[in-house]
>>> print(open('structure01.txt').read())   # compact mmCIF, C-alpha atoms
# COMPACT_ATOMS: atom_id res chain seq x y z
CA MET A 675 -0.01 17.95 -14.71
CA ILE A 676 0.33 19.27 -11.18
CA LYS A 677 -3.43 19.85 -11.03
CA LYS A 678 -4.21 16.23 -11.91
CA ILE A 679 -1.69 14.88 -9.41
CA LEU A 680 -3.03 17.16 -6.67
CA THR A 681 -6.59 16.07 -7.48
CA TYR A 682 -5.71 12.45 -6.78
CA ALA A 683 -3.64 13.41 -3.76
CA SER A 684 -6.32 15.60 -2.18
CA GLY A 685 -8.85 12.82 -2.63
CA GLU A 686 -6.56 10.28 -1.00
CA VAL A 687 -5.80 12.68 1.85
CA LEU A 688 -9.54 13.15 2.39
CA VAL A 689 -10.26 9.43 2.31
CA LYS A 690 -7.36 8.30 4.45
CA GLY A 691 -7.79 11.31 6.70
CA MET A 692 -11.20 10.00 7.71
CA VAL A 693 -9.70 6.60 8.45
CA PHE A 694 -6.87 8.00 10.54
CA LEU A 695 -9.18 10.35 12.44
CA ALA A 696 -11.15 7.26 13.46
CA LEU A 697 -8.06 5.56 14.92
CA PRO A 698 -8.07 7.62 18.15
CA LEU A 699 -11.67 6.54 18.70
CA TYR A 700 -10.80 2.90 18.01
CA SER A 701 -7.98 3.14 20.55
CA HIS A 702 -10.57 3.79 23.27
CA LEU A 703 -12.69 0.83 22.14
CA ILE A 704 -10.04 -1.77 21.25
CA LEU A 705 -7.47 -3.08 23.71
CA PRO A 706 -3.79 -3.08 22.63
CA GLN A 707 -3.63 -6.89 22.66
CA GLU A 708 -6.67 -7.02 20.34
CA TYR A 709 -5.06 -4.50 18.01
CA GLY A 710 -1.94 -6.64 18.08
CA VAL A 711 -3.88 -9.67 16.83
CA LEU A 712 -5.48 -7.56 14.08
CA GLY A 713 -2.07 -6.30 12.97
CA PHE A 714 -0.66 -9.82 12.89
CA LEU A 715 -3.65 -11.01 10.82
CA ASN A 716 -3.30 -8.12 8.37
CA SER A 717 0.33 -9.05 7.79
CA LEU A 718 -0.53 -12.71 7.28
CA VAL A 719 -3.15 -12.11 4.60
CA ALA A 720 -1.41 -9.22 2.84
CA PHE A 721 0.03 -11.32 0.01
CA LEU A 722 -2.97 -11.28 -2.32
CA PRO A 723 -3.87 -7.59 -1.97
CA PHE A 724 -0.24 -6.64 -2.49
CA VAL A 725 0.60 -8.81 -5.47
CA LEU A 726 -2.80 -8.75 -7.19
CA THR A 727 -3.79 -5.13 -6.72
CA PHE A 728 -0.41 -3.45 -6.84
CA TYR A 729 1.27 -5.43 -9.61
CA TYR A 730 -1.39 -7.09 -11.74
CA LEU A 731 -3.54 -3.97 -11.57
CA TYR A 732 -0.37 -1.88 -11.78
CA ALA A 733 -0.11 -3.06 -15.37
CA TYR A 734 -3.68 -1.95 -16.11
CA VAL A 735 -2.73 1.65 -16.93
CA ARG A 736 0.14 0.38 -19.06
CA PHE A 737 -2.17 -1.78 -21.21
CA SER A 738 -5.07 0.70 -21.23
CA VAL A 739 -3.08 2.83 -23.68
CA ASP A 740 -3.73 0.46 -26.59
CA VAL A 741 -6.36 -2.08 -25.38
CA GLU A 742 -10.12 -1.49 -25.54
CA PRO A 743 -11.53 -1.03 -21.97
CA SER A 744 -14.15 -3.82 -22.19
CA LYS A 745 -11.56 -6.38 -23.23
CA LEU A 746 -9.09 -5.26 -20.57
CA ILE A 747 -11.62 -5.21 -17.70
CA SER A 748 -13.19 -8.56 -18.68
CA THR A 749 -9.76 -10.15 -18.79
CA TYR A 750 -8.78 -8.70 -15.42
CA PHE A 751 -12.09 -9.78 -13.89
CA TYR A 752 -11.73 -13.47 -14.75
CA LEU A 753 -8.01 -13.48 -14.03
CA GLY A 754 -8.78 -11.93 -10.63
CA ILE A 755 -11.34 -14.64 -9.82
CA PHE A 756 -8.80 -17.37 -10.58
CA LEU A 757 -6.09 -15.70 -8.49
CA ASN A 758 -8.49 -15.19 -5.58
CA ILE A 759 -9.52 -18.85 -5.51
CA PHE A 760 -5.88 -19.91 -5.61
CA TYR A 761 -5.04 -17.45 -2.84
CA PHE A 762 -7.92 -18.55 -0.59
CA LEU A 763 -7.03 -22.25 -0.80
CA SER A 764 -3.31 -21.58 -0.33
CA ALA A 765 -4.00 -19.41 2.71
CA LEU A 766 -6.02 -22.16 4.39
CA ILE A 767 -3.21 -24.66 3.85
CA ILE A 768 -0.69 -22.22 5.34
CA TYR A 769 -2.97 -21.65 8.34
CA PHE A 770 -3.17 -25.33 9.26
CA LEU A 771 0.55 -25.86 8.70
CA PHE A 772 1.97 -22.84 10.54
CA ILE A 773 -0.41 -20.20 11.86
CA VAL A 774 -2.47 -22.40 14.18
CA ASN A 775 0.55 -22.43 16.51
CA TYR A 776 0.06 -18.70 17.22
CA GLU A 777 -3.38 -19.36 18.75
CA ILE A 778 -5.20 -17.31 16.11
CA GLU A 779 -8.78 -18.56 15.73
CA LEU A 780 -9.72 -19.98 12.31
CA LYS A 781 -12.84 -17.76 12.05
CA TYR A 782 -10.65 -14.65 12.36
CA PHE A 783 -8.31 -15.89 9.68
CA ILE A 784 -11.13 -16.79 7.24
CA LEU A 785 -12.81 -13.40 7.72
CA SER A 786 -9.49 -11.66 7.15
CA ILE A 787 -8.71 -13.42 3.85
CA THR A 788 -12.32 -12.99 2.70
CA ALA A 789 -12.15 -9.23 3.22
CA SER A 790 -8.85 -8.95 1.36
CA SER A 791 -9.96 -11.09 -1.59
CA SER A 792 -13.50 -9.75 -2.13
CA ILE A 793 -12.37 -6.17 -2.76
CA PHE A 794 -10.71 -6.80 -6.12
CA ILE A 795 -13.73 -5.79 -8.29
CA PHE A 796 -13.81 -2.41 -6.58
CA GLN A 797 -10.11 -2.02 -7.30
CA ILE A 798 -10.65 -2.84 -10.98
CA LEU A 799 -13.19 0.00 -11.08
CA GLN A 800 -10.61 2.32 -9.56
CA MET A 801 -8.09 1.32 -12.24
CA TYR A 802 -10.74 1.97 -14.90
CA TYR A 803 -11.36 5.47 -13.55
CA ARG A 804 -7.62 6.16 -13.42
CA SER A 805 -6.98 5.03 -17.00
CA GLN A 806 -9.92 7.10 -18.26
CA GLY A 807 -8.79 10.21 -16.36
CA LEU A 808 -11.96 10.23 -14.22
CA ALA A 809 -10.28 11.49 -11.06
CA LYS A 810 -13.45 12.89 -9.48
CA LYS A 811 -15.35 9.61 -9.84
CA TYR A 812 -12.32 7.76 -8.50
CA ILE A 813 -12.27 9.98 -5.41
CA ARG A 814 -16.05 9.77 -4.96
CA MET A 815 -15.97 5.97 -4.85
CA ALA A 816 -13.03 6.01 -2.44
CA VAL A 817 -14.93 8.37 -0.12
CA VAL A 818 -17.99 6.09 -0.20
CA TYR A 819 -15.79 3.10 0.62
CA SER A 820 -14.27 4.90 3.61
CA ILE A 821 -17.59 6.15 4.98
CA VAL A 822 -19.22 2.72 4.72
CA GLY A 823 -16.22 1.01 6.31
CA LEU A 824 -15.93 3.47 9.20
CA SER A 825 -19.67 3.39 9.90
CA LEU A 826 -19.77 -0.40 9.99
CA ASN A 827 -16.67 -0.52 12.19
CA LEU A 828 -18.22 1.73 14.81
CA ILE A 829 -21.64 0.06 14.71
CA LEU A 830 -20.26 -3.46 15.08
CA LEU A 831 -17.76 -2.42 17.76
CA LEU A 832 -20.67 -1.12 19.81
CA LEU A 833 -22.98 -4.08 19.12
CA LEU A 834 -20.59 -7.04 19.40
CA GLN A 835 -18.61 -8.04 22.46
CA ASP A 836 -15.78 -9.46 20.35
CA ASN A 837 -13.85 -6.43 19.03
CA ILE A 838 -11.63 -8.48 16.71
CA LEU A 839 -14.69 -10.12 15.16
CA ALA A 840 -16.38 -6.71 14.79
CA MET A 841 -13.44 -5.18 12.89
CA LEU A 842 -12.98 -8.18 10.59
CA LEU A 843 -16.70 -8.59 9.91
CA SER A 844 -17.05 -4.92 8.99
CA GLY A 845 -14.17 -5.37 6.54
CA VAL A 846 -15.90 -8.31 4.86
CA ILE A 847 -19.26 -6.55 4.58
CA THR A 848 -17.69 -3.33 3.29
CA SER A 849 -15.63 -5.17 0.66
CA ILE A 850 -18.62 -7.12 -0.62
CA LEU A 851 -20.94 -4.08 -0.71
CA VAL A 852 -18.55 -1.79 -2.60
CA SER A 853 -17.58 -4.59 -4.99
CA MET A 854 -21.26 -5.17 -5.82
CA VAL A 855 -21.68 -1.46 -6.56
CA ALA A 856 -18.47 -1.49 -8.62
CA PHE A 857 -19.71 -4.49 -10.63
CA LYS A 858 -22.94 -2.67 -11.53
CA ILE A 859 -21.05 0.45 -12.59
CA LEU A 860 -18.65 -1.54 -14.75
CA LYS A 861 -21.52 -3.52 -16.26
CA LYS A 862 -23.06 -0.29 -17.56
CA ASN A 863 -19.83 0.78 -19.24
CA ILE A 864 -18.28 -2.39 -20.63
CA SER A 865 -19.13 -5.84 -21.99
CA TRP A 866 -18.08 -8.82 -19.86
CA GLU A 867 -17.86 -11.23 -22.80
CA GLN A 868 -14.59 -9.93 -24.22
CA TYR A 869 -12.21 -12.10 -22.21
CA ASP A 870 -8.98 -12.48 -24.19
CA ILE A 871 -6.58 -15.32 -23.41
CA VAL A 872 -3.89 -13.67 -25.56
CA LEU A 873 -4.14 -10.56 -23.40
CA VAL A 874 -3.83 -12.75 -20.28
CA LYS A 875 -0.53 -14.05 -21.61
CA LYS A 876 0.67 -10.48 -22.27
CA ILE A 877 -0.33 -9.36 -18.79
CA LEU A 878 1.41 -12.33 -17.17
CA LYS A 879 4.50 -11.87 -19.34
CA TYR A 880 4.68 -8.23 -18.26
CA THR A 881 3.95 -8.77 -14.58
CA ILE A 882 5.47 -12.13 -13.61
CA PRO A 883 9.02 -10.67 -13.55
CA LEU A 884 7.64 -8.11 -11.08
CA VAL A 885 6.25 -10.73 -8.67
CA PRO A 886 9.60 -11.36 -6.91
CA GLY A 887 9.79 -7.62 -6.39
CA ALA A 888 6.24 -7.61 -5.06
CA ILE A 889 7.10 -10.35 -2.58
CA SER A 890 10.23 -8.47 -1.57
CA LEU A 891 8.28 -5.25 -1.02
CA LEU A 892 5.74 -7.29 0.91
CA ILE A 893 8.55 -8.50 3.18
CA PHE A 894 9.55 -4.87 3.69
CA SER A 895 6.05 -3.78 4.67
CA GLN A 896 4.73 -6.77 6.62
CA SER A 897 7.54 -8.90 8.05
CA ASP A 898 8.04 -6.60 11.05
CA LYS A 899 4.86 -7.71 12.84
CA LEU A 900 5.43 -11.37 11.95
CA ILE A 901 8.84 -11.24 13.63
CA LEU A 902 7.85 -8.93 16.50
CA ILE A 903 5.20 -11.35 17.78
CA ASN A 904 8.02 -13.74 18.73
CA TYR A 905 9.84 -11.13 20.85
CA ILE A 906 7.20 -8.85 22.39
CA THR A 907 3.76 -9.28 23.94
CA LYS A 908 0.55 -8.92 21.92
CA GLU A 909 -0.16 -5.75 23.91
CA GLU A 910 3.17 -4.22 22.82
CA LEU A 911 2.47 -5.40 19.28
CA GLY A 912 -0.86 -3.55 19.42
CA VAL A 913 0.89 -0.31 20.37
CA TYR A 914 3.28 -0.79 17.45
CA ASN A 915 0.48 -1.76 15.06
CA LEU A 916 -1.47 1.44 15.73
CA ALA A 917 1.74 3.44 15.21
CA PHE A 918 2.40 1.48 12.01
CA THR A 919 -1.13 2.23 10.75
CA LEU A 920 -0.67 5.94 11.37
CA GLY A 921 2.78 5.84 9.77
CA LEU A 922 1.16 4.40 6.66
CA SER A 923 -0.49 7.77 6.15
CA MET A 924 2.67 8.66 4.22
CA ALA A 925 2.36 5.52 2.11
CA TYR A 926 -1.21 6.39 1.16
CA ILE A 927 -0.50 10.05 0.44
CA GLY A 928 2.65 9.10 -1.46
CA SER A 929 0.75 6.52 -3.50
CA ALA A 930 -1.74 9.24 -4.41
CA PHE A 931 1.06 11.23 -6.06
CA PHE A 932 2.25 8.05 -7.74
CA MET A 933 -1.25 7.27 -9.08
CA GLY A 934 -1.61 10.77 -10.42
CA TYR A 935 1.86 10.65 -11.96
CA GLN A 936 1.55 7.20 -13.59
CA PRO A 937 -0.90 8.04 -16.43
CA ILE A 938 0.93 11.32 -17.08
CA PHE A 939 4.25 9.49 -17.29
CA TYR A 940 3.00 7.01 -19.92
CA GLU A 941 1.44 9.85 -21.90
CA LYS A 942 4.64 11.91 -21.93
CA ILE A 943 7.08 9.05 -22.42
CA SER A 944 5.11 7.81 -25.45
CA LYS A 945 5.64 11.24 -27.03
CA GLY A 946 9.34 11.33 -26.17
CA LEU A 947 8.98 14.35 -23.92
CA SER A 948 11.93 13.62 -21.63
CA ASP A 949 12.38 17.27 -20.61
CA GLU A 950 8.79 17.47 -19.37
CA ILE A 951 9.24 14.19 -17.48
CA LYS A 952 12.37 15.56 -15.82
CA GLU A 953 10.59 18.79 -14.86
CA GLN A 954 7.61 16.92 -13.42
CA PHE A 955 9.83 14.52 -11.49
CA ASN A 956 11.65 17.40 -9.80
CA LYS A 957 8.31 18.91 -8.80
CA ASN A 958 7.17 15.54 -7.50
CA ILE A 959 10.10 15.45 -5.09
CA LEU A 960 8.89 18.69 -3.51
CA LEU A 961 5.36 17.27 -3.43
CA LEU A 962 6.67 14.22 -1.56
CA VAL A 963 8.43 16.41 1.00
CA THR A 964 5.18 18.33 1.48
CA ALA A 965 3.29 15.03 1.79
CA LEU A 966 5.73 13.81 4.43
CA LEU A 967 5.32 16.96 6.53
CA LEU A 968 1.53 16.63 6.17
CA SER A 969 1.73 13.00 7.25
CA LEU A 970 3.81 13.85 10.32
CA SER A 971 1.27 16.53 11.23
CA ILE A 972 -1.59 14.01 10.93
CA ILE A 973 0.27 11.62 13.22
CA PHE A 974 1.00 14.31 15.81
CA ILE A 975 -2.61 15.51 15.90
CA ALA A 976 -3.97 11.95 16.09
CA TYR A 977 -1.81 11.11 19.11
CA GLU A 978 -3.31 14.04 20.99
CA PHE A 979 -6.57 12.06 21.16
CA ILE A 980 -5.34 8.48 21.36
CA ASN A 981 -5.80 6.31 24.43
CA ILE A 982 -2.85 6.70 26.80
CA LYS A 983 -2.11 2.98 26.44
CA TYR A 984 -0.92 3.63 22.87
CA VAL A 985 1.01 6.90 23.23
CA ASN A 986 4.44 5.28 23.50
CA GLY A 987 4.24 4.42 19.81
CA ILE A 988 4.30 7.97 18.43
CA LYS A 989 8.01 7.91 17.55
CA PHE A 990 7.53 4.60 15.73
CA ALA A 991 4.80 6.22 13.63
CA PHE A 992 7.06 9.12 12.66
CA ILE A 993 9.91 6.81 11.65
CA ILE A 994 7.60 4.55 9.62
CA ALA A 995 6.16 7.56 7.77
CA ILE A 996 9.67 8.63 6.77
CA ALA A 997 10.49 5.09 5.63
CA TYR A 998 7.47 5.10 3.33
CA SER A 999 8.45 8.46 1.87
CA TYR A 1000 11.52 6.62 0.53
CA ILE A 1001 9.29 3.93 -0.98
CA ALA A 1002 7.09 6.57 -2.64
CA PHE A 1003 10.23 8.08 -4.16
CA ALA A 1004 11.42 4.65 -5.33
CA GLN A 1005 8.08 3.92 -7.00
CA MET A 1006 8.41 7.00 -9.21
CA MET A 1007 11.77 5.68 -10.36
CA GLU A 1008 10.28 2.22 -10.76
CA LEU A 1009 7.94 3.60 -13.44
CA HIS A 1010 10.92 4.63 -15.54
CA LEU A 1011 12.57 1.23 -15.24
CA THR A 1012 9.47 -0.87 -15.97
CA HIS A 1013 8.73 1.23 -19.04
CA ILE A 1014 12.06 0.26 -20.59
CA LYS A 1015 11.35 -3.37 -19.56
CA LYS A 1016 13.85 -3.49 -16.71
CA THR A 1017 11.28 -5.37 -14.62
CA PHE A 1018 13.72 -7.99 -13.41
CA LEU A 1019 16.09 -5.25 -12.28
CA VAL A 1020 13.24 -3.73 -10.24
CA SER A 1021 12.67 -7.12 -8.59
CA ILE A 1022 16.37 -7.41 -7.77
CA ILE A 1023 16.38 -3.97 -6.14
CA TYR A 1024 13.36 -4.80 -4.00
CA GLY A 1025 14.96 -8.17 -3.26
CA VAL A 1026 18.02 -6.39 -1.88
CA GLY A 1027 15.67 -4.25 0.22
CA ALA A 1028 13.93 -7.36 1.54
CA ILE A 1029 17.26 -8.91 2.55
CA VAL A 1030 18.29 -5.70 4.31
CA THR A 1031 14.90 -5.63 6.05
CA LEU A 1032 15.13 -9.19 7.36
CA ILE A 1033 18.76 -8.90 8.47
CA SER A 1034 18.15 -5.62 10.28
CA LEU A 1035 14.93 -6.94 11.87
CA TYR A 1036 16.74 -9.96 13.32
CA ILE A 1037 19.55 -7.69 14.55
CA PHE A 1038 17.51 -4.83 16.03
CA VAL A 1039 14.24 -6.44 17.19
CA PRO A 1040 15.79 -8.76 19.82
CA ILE A 1041 17.65 -5.74 21.26
CA TYR A 1042 15.23 -2.82 20.84
CA GLY A 1043 11.86 -4.54 20.34
CA ALA A 1044 9.30 -2.41 18.46
CA LYS A 1045 11.76 0.46 18.05
CA GLY A 1046 14.11 -1.95 16.30
CA ALA A 1047 11.38 -2.80 13.77
CA ALA A 1048 10.84 0.88 12.98
CA MET A 1049 14.61 1.37 12.62
CA SER A 1050 14.73 -1.54 10.20
CA LEU A 1051 12.04 -0.05 7.95
CA PHE A 1052 13.83 3.30 7.92
CA ILE A 1053 17.16 1.76 6.89
CA SER A 1054 15.60 -0.52 4.26
CA GLY A 1055 13.50 2.25 2.73
CA PHE A 1056 16.58 4.45 2.44
CA VAL A 1057 18.59 1.68 0.74
CA ILE A 1058 15.78 0.88 -1.74
CA SER A 1059 15.35 4.53 -2.75
CA ILE A 1060 19.07 5.10 -3.30
CA ILE A 1061 19.52 1.98 -5.44
CA MET A 1062 16.32 2.56 -7.44
CA TYR A 1063 17.31 6.13 -8.27
CA SER A 1064 20.86 5.12 -9.22
CA MET A 1065 19.65 2.37 -11.57
CA ALA A 1066 16.99 4.57 -13.17
CA GLN A 1067 19.48 7.35 -13.83
CA ARG A 1068 22.05 4.92 -15.23
CA ASN A 1069 19.56 3.34 -17.63
CA LEU A 1070 17.78 6.51 -18.75
CA TYR A 1071 20.66 8.99 -18.79
CA ILE A 1072 18.35 11.75 -17.51
CA GLU A 1073 20.12 14.10 -15.12
CA TYR A 1074 17.69 15.22 -12.44
CA SER A 1075 18.16 18.26 -10.22
CA LYS A 1076 20.66 17.54 -7.46
CA PHE A 1077 19.18 20.41 -5.48
CA TYR A 1078 15.77 18.73 -5.20
CA LEU A 1079 17.34 15.38 -4.35
CA THR A 1080 19.54 17.00 -1.69
CA VAL A 1081 16.52 18.71 -0.12
CA PHE A 1082 14.59 15.42 -0.05
CA TYR A 1083 17.33 13.34 1.55
CA LEU A 1084 18.49 16.08 3.90
CA ILE A 1085 15.00 16.53 5.35
CA THR A 1086 14.15 12.83 5.58
CA CYS A 1087 17.50 11.75 7.03
CA SER A 1088 17.54 14.59 9.56
CA LEU A 1089 14.02 13.78 10.75
CA GLY A 1090 14.76 10.06 10.82
CA VAL A 1091 17.88 10.44 12.96
CA TYR A 1092 16.04 12.85 15.28
CA PHE A 1093 13.16 10.45 15.94
CA LEU A 1094 15.46 7.45 16.29
>>> encode(input="structure01.txt", output="structure tokens")
Amino acid sequence: MIKKILTYASGEVLVKGMVFLALPLYSHLILPQEYGVLGFLNSLVAFLPFVLTFYYLYAYVRFSVDVEPSKLISTYFYLGIFLNIFYFLSALIIYFLFIVNYEIELKYFILSITASSSIFIFQILQMYYRSQGLAKKYIRMAVVYSIVGLSLNLILLLLLQDNILAMLLSGVITSILVSMVAFKILKKNISWEQYDIVLVKKILKYTIPLVPGAISLLIFSQSDKLILINYITKEELGVYNLAFTLGLSMAYIGSAFFMGYQPIFYEKISKGLSDEIKEQFNKNILLLVTALLLSLSIIFIAYEFINIKYVNGIKFAFIIAIAYSYIAFAQMMELHLTHIKKTFLVSIIYGVGAIVTLISLYIFVPIYGAKGAAMSLFISGFVISIIMYSMAQRNLYIEYSKFYLTVFYLITCSLGVYFL
């Protein structure tokens, strides 16, 4: 089990490592105010990628246990097209009603939502590889995606005078190219004619109770920049956004452990192997601590090469990484709760986290600015992890090692207080 989890994790570290190593170079090419606009745009268009890919595709592994791959992929494909069209039209309406007041050009907004919506076929391929246990192919495609994206970013940044346009355009081209490749790969392995409306109803029935939780988690991860833009300059927002992006290294590494753990969890839980699940969970806590220390090291090394205009954000990056270690921990507990159909409870927990996030943002941001946003994420992540663990333990009656939990919270809390 550890080997499979580490395979996914090492692949994600490799892929995201390339992305994060490119950030110092970008910092010398992109001005802080431009990076601030990009961060604001990413937060605005994050709804579809978050809800569609994390929750609707989240259910893919769950249904892949007893549904034939062709039927499942065909159903997800057509469902994804419908959701993307709905998302695109809704986003345009929101732009003309609210976002135009922030002086964000329409072309930037359209490119941003196009990039986020056109990637879904590639993500279906990733889910297919995960459910089939094809970790190496999964990693290979992720590496290709990163190399293509980074190459296009650098080429367009050098060719175009508009840096924001260059970054967004490279995202659109990369998403379309990798989705075309993904479509061809899927076409060789499955039949597209097996769309099943009954399966759509099952997927929606399973996932709709999770959508409020998805929106709440979205508030946790993206509301900071939407609120910050009202209190700090776009240049300061750019410094924070680069720090936020580096802090996400923990989210990506943590999600790698989660993705490796998810298929194993369903396999073991279906066989009633609660002792093995408990043993693996305890090991996963140590893996998360290791991942956090690795993430902090990546951030520290990256800031050695970043443009001096951005260096003030290093503490924000450390705090954000710790906050996402709490979310990675909570997601492991979330698996246990969704399996026993406590999906609404999961949404309530994330809803509490969203409320804590918004309240703390409006308290700390006017006083501390960007530091206040980082503090808010740290506090909210801690609250979510504590509640999620408590509810999972209460509903499953599995007593996990208090030693491992103590180590996890002692290290994360100590580091968080130090950087604050």
>>> residues_around(input="structure01.txt", residues="segment 825-833 of chain A", least_positions_apart="3", cutoff="10 Å", atoms="all atoms listed in the file", output="JSON, numbers by chain")
{"A": [696, 699, 700, 703, 704, 820, 821, 822, 836, 837, 838, 839, 840, 841, 842, 843, 844, 845, 847, 848]}
>>> closest_residue(input="structure01.txt", among="A:Arg804, A:Lys745, A:Lys781, A:Lys879", to="Lys1015 of chain A", atoms="all atoms listed in the file")
A:Lys879
>>> closest_residue(input="structure01.txt", among="A:Tyr1000, A:Tyr880, A:Tyr984, A:Tyr1092", to="Ala925 of chain A", atoms="all atoms listed in the file")
A:Tyr1000
>>> closest_residue(input="structure01.txt", among="A:Met1065, A:Leu1032, A:Leu763, A:Leu785", to="Ser1050 of chain A", atoms="only C-alpha atoms")
A:Leu1032
>>> axis_aligned_box(input="structure01.txt", around="segment 787-799 of chain A", padding_each_side="3 Å", output="lines of an AutoDock Vina configuration file")
center_x = -11.3
center_y = -6.7
center_z = -3.6
size_x = 11.1
size_y = 19.4
size_z = 20.9
